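Written out below as structure tokens is the structure these notes cover.
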Amino acid sequence: HWLRRYVNVMLNRVKTLEQCFQVHQISGTTVYANNHYSLVRQDSLSATVAFSDERWNNALIARILNFLGVENCLVEVHSGYESASSDFNGISTAPTLKRTVLKWGYKQVGKLTRCLMRDNDAFIINSYLPIKEAIKLELALGQCPQIWRSPKIEVSDKHDRGLRERLAKLFVSKSGNNLEYILFAMVFELLPSCYLEGFSNLNTFVKQQPWPKSPKFIFTSNNFDFDEVFKLWAATKAESGSKYYSGQHGSNYGTHRYLNDTVEEVTADNFFTWGWADCLPQHTTAFVFTTAGRKAKYYNPQGGLLLIELHLEDRVPTWDVTSEHINYFEDQQNFVSDLTIMVKQNLTIRLHPTHRDSDWNEEARWQAFDPVLKIDTGGTPIRELIAESRLVVHSYDSTGILETLSQNIPTLAFWRNDLDHLRESAKPYYQLLVDAGIVHLTAESVAQKVNEVWDDVDDWWGQGDVQDAREKFCTRYARKSQKPIRELKQIIKSIT
């Protein structure tokens, strides 16, 4: 995952600079002195955070400019950097009393259940099943349920510059392509320290974990990305013969044009989808894990309108995420503006919880747009907000769409750029939602639909063409299981 992000980031930065110099006559730029500043981060999570950090990007741009060797462009080096965000690593908040008590309780229960663990028990962590269903699954597999939490490990941020320079020389080769040359030349300059200088300590820490010694299989729907301890442990167990299963943990799998064959799909023995199957033999049809065992239609027919927002993305994709988000936010304002007064009075705008991790200041932007709007900053559980709403509007192609459609909750969605982000195989299924008036391709269209159905949302939602489109889409991408644990047990039994 880190390597793919690294390639994306470098492609974006190098090509952006190349285009800048090709289109414009740039006389000069300013960078900060980097004698004691390193682009190395401890692990893949902190590296991903750094990709959006202004200080880090300034240092990266300075290095790329050195490789490009642009003529007639004066690079002025500034000796200091004054910014409150220079060492930004996200928002850290003190744990609540409830969370502290729960953590203590989980720890005590864990001590007891470890005594009943066998060396060959399946290891299941962050399956994305609700906790009650996760416990049922382990019982169905004939083992004592364990609530695993992967421990955090402190990795030194010190790095061996000489070692990295020697390794880089082994990879660098002459190339007429700037991007290719820079990708190879800088890979060890950005490689997280847990994969190099800190790898020995990480390996030692992994061996100390109280996890099954020879698990019959390993299953996660999340820890395959940022969890360095789990990743190394799972790799060693897979090499020793344990089966490794990963699961879909959200939207865009099987549908997004630019997410073909993710790392977790390719590296697993089996990849559990939420209903679809594509060209990989690893694809194994399952169901929506996050809503397994939950009753459908937990909403209020007389409730309000819920608009679910997207946060500003990390600067990882190859395109300009900030420019894209500016257009996105303009669409959100157009949608709210086109609502009737009555509907707007019943509107709650739910910000993505990670909006706090950027300097976009989304809450302030909404307040400046209309100070009387009701804003939820991400603190209220989304299920509680849905339970208080008669209609949910998703403002992007999100996991929430799959969840609310599978739960048969009145749902609308809208985004720009038509269906261009989708694979050809997915477009017919999304077109069903467009034709049924569930998915809209302009803010004005979806606002008009909200105004039209507001007085009796259930009547519209229950119409035959709407339900038919929903059911066909869900069969493919958001399948609901009536007996999820029995079904998942049978799937696992057939492949293990």
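Here's how to read the names in the structure tokens: chain A, B, ... by the order shown, residue numbers from 1 in each chain, ligand numbers from 1 in the order shown.
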Long-range neighbours of Ala469 (chain A) as a list of chain:residue names, 12 Å cut-off, only C-alpha atoms, 6 positions minimum in chain: A:Leu405, A:Ser406, A:Asn408, A:Pro428, A:Tyr429, A:Tyr430, A:Gln431, A:Leu432, A:Leu433, A:Val434, A:Asp435, A:Ala436, A:Gly437, A:Ile438, A:Val439, A:Trp461, A:Gly462, A:Gln463, A:Thr475, A:Arg476
DSSP-assigned strand (DSSP E or B) members of region 56-265 of chain A, reported as an MDAnalysis selection string: chainID A and resid 74:78 123:124 217:220 243:247 256
Could you save those same residues with all heavy atoms as a compact mmCIF listing (two decimals), in the first residue's frame?
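Saved to part.txt:
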```txt
# COMPACT_ATOMS: atom_id res chain seq x y z
N LEU A 74 15.42 30.48 -10.57
CA LEU A 74 16.19 30.72 -9.36
C LEU A 74 15.49 30.07 -8.17
O LEU A 74 14.32 30.33 -7.90
CB LEU A 74 16.36 32.21 -9.11
CG LEU A 74 17.07 32.60 -7.81
CD1 LEU A 74 18.52 32.11 -7.84
CD2 LEU A 74 17.01 34.12 -7.61
N VAL A 75 16.19 29.19 -7.46
CA VAL A 75 15.64 28.54 -6.27
C VAL A 75 16.23 29.21 -5.05
O VAL A 75 17.42 29.05 -4.74
CB VAL A 75 15.94 27.03 -6.27
CG1 VAL A 75 15.38 26.39 -4.99
CG2 VAL A 75 15.35 26.36 -7.50
N GLU A 76 15.42 29.99 -4.36
CA GLU A 76 15.86 30.70 -3.15
C GLU A 76 15.63 29.82 -1.94
O GLU A 76 14.54 29.27 -1.75
CB GLU A 76 15.09 32.00 -3.00
CG GLU A 76 15.47 32.80 -1.76
CD GLU A 76 14.62 34.04 -1.59
OE1 GLU A 76 13.76 34.30 -2.45
OE2 GLU A 76 14.79 34.75 -0.58
N VAL A 77 16.66 29.66 -1.12
CA VAL A 77 16.57 28.82 0.07
C VAL A 77 16.32 29.70 1.29
O VAL A 77 17.10 30.60 1.59
CB VAL A 77 17.85 27.99 0.27
CG1 VAL A 77 17.74 27.14 1.53
CG2 VAL A 77 18.10 27.11 -0.96
N HIS A 78 15.23 29.44 1.97
CA HIS A 78 14.86 30.19 3.17
C HIS A 78 15.32 29.41 4.39
O HIS A 78 15.15 28.20 4.48
CB HIS A 78 13.34 30.39 3.21
CG HIS A 78 12.89 31.44 4.19
ND1 HIS A 78 12.77 31.19 5.54
CD2 HIS A 78 12.53 32.74 4.01
CE1 HIS A 78 12.35 32.28 6.15
NE2 HIS A 78 12.20 33.24 5.24
N PHE A 123 -7.53 -16.61 13.35
CA PHE A 123 -7.25 -15.28 13.87
C PHE A 123 -8.09 -14.28 13.07
O PHE A 123 -7.87 -14.09 11.87
CB PHE A 123 -5.77 -14.94 13.73
CG PHE A 123 -5.40 -13.60 14.31
CD1 PHE A 123 -5.22 -13.45 15.67
CD2 PHE A 123 -5.24 -12.49 13.49
CE1 PHE A 123 -4.87 -12.22 16.22
CE2 PHE A 123 -4.90 -11.26 14.02
CZ PHE A 123 -4.71 -11.12 15.40
N ILE A 124 -9.07 -13.68 13.74
CA ILE A 124 -10.00 -12.75 13.09
C ILE A 124 -9.87 -11.40 13.78
O ILE A 124 -10.09 -11.29 14.99
CB ILE A 124 -11.44 -13.25 13.17
CG1 ILE A 124 -11.55 -14.64 12.54
CG2 ILE A 124 -12.39 -12.29 12.47
CD1 ILE A 124 -12.91 -15.30 12.72
N PHE A 217 -6.54 -20.07 9.71
CA PHE A 217 -6.65 -18.97 8.74
C PHE A 217 -6.62 -17.64 9.47
O PHE A 217 -6.84 -17.56 10.68
CB PHE A 217 -7.92 -19.11 7.87
CG PHE A 217 -9.22 -18.87 8.60
CD1 PHE A 217 -9.72 -17.57 8.78
CD2 PHE A 217 -9.97 -19.93 9.08
CE1 PHE A 217 -10.92 -17.35 9.43
CE2 PHE A 217 -11.18 -19.71 9.73
CZ PHE A 217 -11.65 -18.43 9.91
N ILE A 218 -6.35 -16.60 8.70
CA ILE A 218 -6.30 -15.21 9.19
C ILE A 218 -7.30 -14.42 8.37
O ILE A 218 -7.36 -14.56 7.15
CB ILE A 218 -4.89 -14.62 9.01
CG1 ILE A 218 -3.86 -15.43 9.79
CG2 ILE A 218 -4.85 -13.16 9.44
CD1 ILE A 218 -2.43 -15.17 9.36
N PHE A 219 -8.09 -13.58 9.04
CA PHE A 219 -9.11 -12.81 8.32
C PHE A 219 -9.20 -11.40 8.87
O PHE A 219 -9.33 -11.19 10.07
CB PHE A 219 -10.48 -13.51 8.42
CG PHE A 219 -11.63 -12.69 7.91
CD1 PHE A 219 -11.52 -11.96 6.72
CD2 PHE A 219 -12.84 -12.64 8.60
CE1 PHE A 219 -12.58 -11.20 6.24
CE2 PHE A 219 -13.90 -11.89 8.12
CZ PHE A 219 -13.77 -11.17 6.95
N THR A 220 -9.11 -10.43 7.98
CA THR A 220 -9.30 -9.02 8.34
C THR A 220 -9.91 -8.28 7.17
O THR A 220 -9.72 -8.66 6.01
CB THR A 220 -7.98 -8.35 8.75
OG1 THR A 220 -8.25 -7.02 9.22
CG2 THR A 220 -7.03 -8.25 7.56
N LYS A 243 -3.83 -19.95 5.86
CA LYS A 243 -4.61 -19.27 4.84
C LYS A 243 -4.82 -17.81 5.26
O LYS A 243 -4.97 -17.52 6.45
CB LYS A 243 -5.97 -19.94 4.65
CG LYS A 243 -5.90 -21.33 4.03
CD LYS A 243 -5.63 -21.24 2.54
CE LYS A 243 -5.75 -22.59 1.87
NZ LYS A 243 -5.56 -22.52 0.42
N TYR A 244 -4.83 -16.93 4.28
CA TYR A 244 -5.02 -15.51 4.57
C TYR A 244 -6.19 -14.98 3.75
O TYR A 244 -6.18 -15.04 2.52
CB TYR A 244 -3.75 -14.72 4.22
CG TYR A 244 -3.95 -13.22 4.24
CD1 TYR A 244 -4.46 -12.57 5.38
CD2 TYR A 244 -3.65 -12.44 3.13
CE1 TYR A 244 -4.65 -11.21 5.40
CE2 TYR A 244 -3.84 -11.06 3.14
CZ TYR A 244 -4.34 -10.45 4.28
OH TYR A 244 -4.54 -9.09 4.29
N TYR A 245 -7.23 -14.51 4.46
CA TYR A 245 -8.42 -13.97 3.82
C TYR A 245 -8.55 -12.49 4.15
O TYR A 245 -8.35 -12.07 5.29
CB TYR A 245 -9.69 -14.69 4.29
CG TYR A 245 -9.64 -16.19 4.16
CD1 TYR A 245 -10.12 -17.01 5.18
CD2 TYR A 245 -9.09 -16.80 3.04
CE1 TYR A 245 -10.08 -18.39 5.08
CE2 TYR A 245 -9.04 -18.19 2.93
CZ TYR A 245 -9.53 -18.98 3.96
OH TYR A 245 -9.48 -20.34 3.84
N SER A 246 -8.90 -11.69 3.16
CA SER A 246 -9.21 -10.29 3.41
C SER A 246 -10.62 -10.01 2.92
O SER A 246 -11.18 -10.78 2.12
CB SER A 246 -8.21 -9.37 2.69
OG SER A 246 -8.21 -9.61 1.29
N GLY A 247 -11.19 -8.92 3.40
CA GLY A 247 -12.57 -8.62 3.06
C GLY A 247 -12.75 -7.18 2.62
O GLY A 247 -11.97 -6.28 2.99
N HIS A 256 -14.91 0.98 -9.13
CA HIS A 256 -14.14 2.17 -9.48
C HIS A 256 -13.12 1.88 -10.58
O HIS A 256 -12.36 0.91 -10.50
CB HIS A 256 -13.41 2.72 -8.25
CG HIS A 256 -13.06 4.16 -8.34
ND1 HIS A 256 -12.07 4.63 -9.19
CD2 HIS A 256 -13.57 5.26 -7.73
CE1 HIS A 256 -11.99 5.94 -9.07
NE2 HIS A 256 -12.88 6.36 -8.19
```
Nearby residues (only C-alpha atoms) at most 10 Å from Arg164 (chain A), same-chain spacing under 4 positions excluded, as an MDAnalysis selection string: chainID A and resid 159:160 168:169 186:191 196:197
Output for the residues just chosen: N, CA and C atoms as a compact mmCIF listing (two decimals), in the first residue's frame:
```txt
# COMPACT_ATOMS: atom_id res chain seq x y z
N HIS A 159 17.18 7.64 11.03
CA HIS A 159 17.44 6.83 9.85
C HIS A 159 18.90 6.94 9.44
N ASP A 160 19.35 5.92 8.75
CA ASP A 160 20.73 5.83 8.30
C ASP A 160 20.82 6.39 6.88
N ALA A 168 20.00 3.27 -2.74
CA ALA A 168 19.45 4.01 -3.88
C ALA A 168 20.33 3.84 -5.12
N LYS A 169 21.64 3.82 -4.92
CA LYS A 169 22.56 3.68 -6.05
C LYS A 169 22.40 2.34 -6.75
N MET A 186 14.48 8.07 -5.55
CA MET A 186 14.01 8.57 -4.26
C MET A 186 13.27 7.55 -3.40
N VAL A 187 13.11 6.33 -3.89
CA VAL A 187 12.30 5.37 -3.15
C VAL A 187 12.87 5.10 -1.77
N PHE A 188 14.20 5.03 -1.63
CA PHE A 188 14.80 4.79 -0.31
C PHE A 188 14.88 6.08 0.51
N GLU A 189 14.73 7.21 -0.14
CA GLU A 189 14.72 8.47 0.58
C GLU A 189 13.39 8.69 1.30
N LEU A 190 12.34 7.99 0.85
CA LEU A 190 11.02 8.13 1.46
C LEU A 190 10.54 6.86 2.18
N LEU A 191 11.25 5.77 1.99
CA LEU A 191 10.80 4.50 2.59
C LEU A 191 10.66 4.63 4.10
N LEU A 196 12.98 -0.54 7.23
CA LEU A 196 14.42 -0.59 7.01
C LEU A 196 15.16 -0.59 8.36
N GLU A 197 15.49 0.58 8.88
CA GLU A 197 16.25 0.64 10.13
C GLU A 197 15.48 0.02 11.30
```
Contact table region 377-422 of chain A vs region 285-305 of chain A, cut-off 9 Å, shortest pair per residue, only C-alpha atoms, as a tab-separated table:
```
residue	atom	partner	partner_atom	distance
A:Arg383	CA	A:Tyr298	CA	8.5
A:Leu385	CA	A:Tyr299	CA	8.8
A:Ile386	CA	A:Tyr299	CA	5.8
A:Ala387	CA	A:Tyr299	CA	4.1
A:Glu388	CA	A:Gly303	CA	5.3
A:Ser389	CA	A:Gly303	CA	4.3
A:Arg390	CA	A:Pro301	CA	4.5
A:Leu391	CA	A:Leu305	CA	5.3
A:Val392	CA	A:Leu305	CA	6.2
A:Val393	CA	A:Leu305	CA	7.6
A:Leu402	CA	A:Val288	CA	7.9
A:Glu403	CA	A:Thr291	CA	6.7
A:Thr404	CA	A:Lys297	CA	8.5
A:Ser406	CA	A:Val288	CA	7.8
A:Gln407	CA	A:Ala296	CA	4.5
A:Asn408	CA	A:Lys297	CA	5.7
A:Ile409	CA	A:Lys297	CA	5.2
A:Pro410	CA	A:Lys297	CA	8.4
```
Limited to N, CA and C atoms, could you put the picked residues into a file as a short mmCIF file (atom, residue, chain, number, x, y, z; two decimals), in the first residue's frame?
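Wrote result-v3.cif, looks like this:
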```
data_model
loop_
_atom_site.label_atom_id
_atom_site.label_comp_id
_atom_site.auth_asym_id
_atom_site.auth_seq_id
_atom_site.Cartn_x
_atom_site.Cartn_y
_atom_site.Cartn_z
N ARG A 383 -25.42 5.96 12.71
CA ARG A 383 -26.68 5.19 12.81
C ARG A 383 -27.74 5.97 13.59
N LEU A 385 -28.03 9.26 13.65
CA LEU A 385 -28.52 10.31 12.76
C LEU A 385 -29.48 9.74 11.72
N ILE A 386 -29.17 8.57 11.18
CA ILE A 386 -30.06 7.93 10.20
C ILE A 386 -31.39 7.58 10.86
N ALA A 387 -31.33 7.09 12.11
CA ALA A 387 -32.55 6.71 12.81
C ALA A 387 -33.49 7.89 13.03
N GLU A 388 -32.94 9.11 12.99
CA GLU A 388 -33.74 10.32 13.20
C GLU A 388 -34.16 10.97 11.88
N SER A 389 -33.85 10.33 10.76
CA SER A 389 -34.08 10.95 9.45
C SER A 389 -35.09 10.15 8.62
N ARG A 390 -35.81 10.87 7.77
CA ARG A 390 -36.73 10.21 6.84
C ARG A 390 -36.07 9.96 5.49
N LEU A 391 -34.98 10.69 5.23
CA LEU A 391 -34.31 10.59 3.94
C LEU A 391 -32.83 10.89 4.12
N VAL A 392 -31.97 10.03 3.54
CA VAL A 392 -30.53 10.20 3.62
C VAL A 392 -29.99 10.55 2.24
N VAL A 393 -29.19 11.61 2.17
CA VAL A 393 -28.58 12.03 0.91
C VAL A 393 -27.07 11.88 1.03
N LEU A 402 -24.06 1.90 -0.08
CA LEU A 402 -24.22 0.45 -0.04
C LEU A 402 -24.95 0.02 1.24
N GLU A 403 -24.63 0.68 2.35
CA GLU A 403 -25.24 0.30 3.62
C GLU A 403 -26.71 0.67 3.68
N THR A 404 -27.06 1.90 3.30
CA THR A 404 -28.47 2.31 3.40
C THR A 404 -29.34 1.61 2.36
N SER A 406 -28.82 -1.42 1.16
CA SER A 406 -28.98 -2.80 1.60
C SER A 406 -29.95 -2.89 2.76
N GLN A 407 -30.08 -1.81 3.54
CA GLN A 407 -31.01 -1.77 4.67
C GLN A 407 -32.39 -1.26 4.27
N ASN A 408 -32.54 -0.96 2.98
CA ASN A 408 -33.82 -0.45 2.45
C ASN A 408 -34.25 0.84 3.13
N ILE A 409 -33.27 1.72 3.36
CA ILE A 409 -33.51 3.04 3.93
C ILE A 409 -33.63 4.03 2.79
N PRO A 410 -34.65 4.89 2.77
CA PRO A 410 -34.80 5.87 1.68
C PRO A 410 -33.51 6.64 1.43
#
```
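When only C-alpha atoms are used to compute distances to Ile125 (chain A), the closest of the residues A:Glu138, A:Glu487, A:Asp43, A:Asp261 turns out to be A:Glu138.
Using only C-alpha atoms, the shortest contact distance between His394 (chain A) and any of A:Thr380, A:Thr496, A:Thr411, A:Ser173 is found at A:Thr411.
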Quick one: which region 194-288 of chain A residues come within 6 Å of region 100-122 of chain A, and what is the nearest atom pair for each with the distance in Å to one decimal, counting only C-alpha atoms, rows ordered by chain and ascending number, as a Markdown table?
```
| residue | atom | partner | partner_atom | distance |
| --- | --- | --- | --- | --- |
| A:Pro212 | CA | A:Asp119 | CA | 4.6 |
| A:Lys213 | CA | A:Asp119 | CA | 5.0 |
| A:Ser214 | CA | A:Asn120 | CA | 4.8 |
| A:Pro215 | CA | A:Asn120 | CA | 4.3 |
| A:Lys216 | CA | A:Ala122 | CA | 5.3 |
| A:Phe217 | CA | A:Ala122 | CA | 5.0 |
| A:Ile218 | CA | A:Ala122 | CA | 6.0 |
```
All residues 9 Å or closer to Trp360 (chain A), only C-alpha atoms, same chain fewer than 4 positions away omitted, as an MDAnalysis selection string: chainID A and resid 311:312 355:356 364:365
File of the preceding selection, C-alpha atoms, as a PDB file, in the first residue's frame:
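Output saved as part.pdb:
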```
ATOM      1  CA  HIS A 311     -13.785  15.244   3.646  1.00  0.00           C
ATOM      2  CA  LEU A 312     -10.903  16.761   1.728  1.00  0.00           C
ATOM      3  CA  HIS A 355     -12.555  16.740   8.489  1.00  0.00           C
ATOM      4  CA  ARG A 356     -10.691  17.803  11.640  1.00  0.00           C
ATOM      5  CA  ALA A 364     -16.461  27.475   9.327  1.00  0.00           C
ATOM      6  CA  ARG A 365     -17.138  27.437   5.580  1.00  0.00           C
TER       7      ARG A 365
END
```
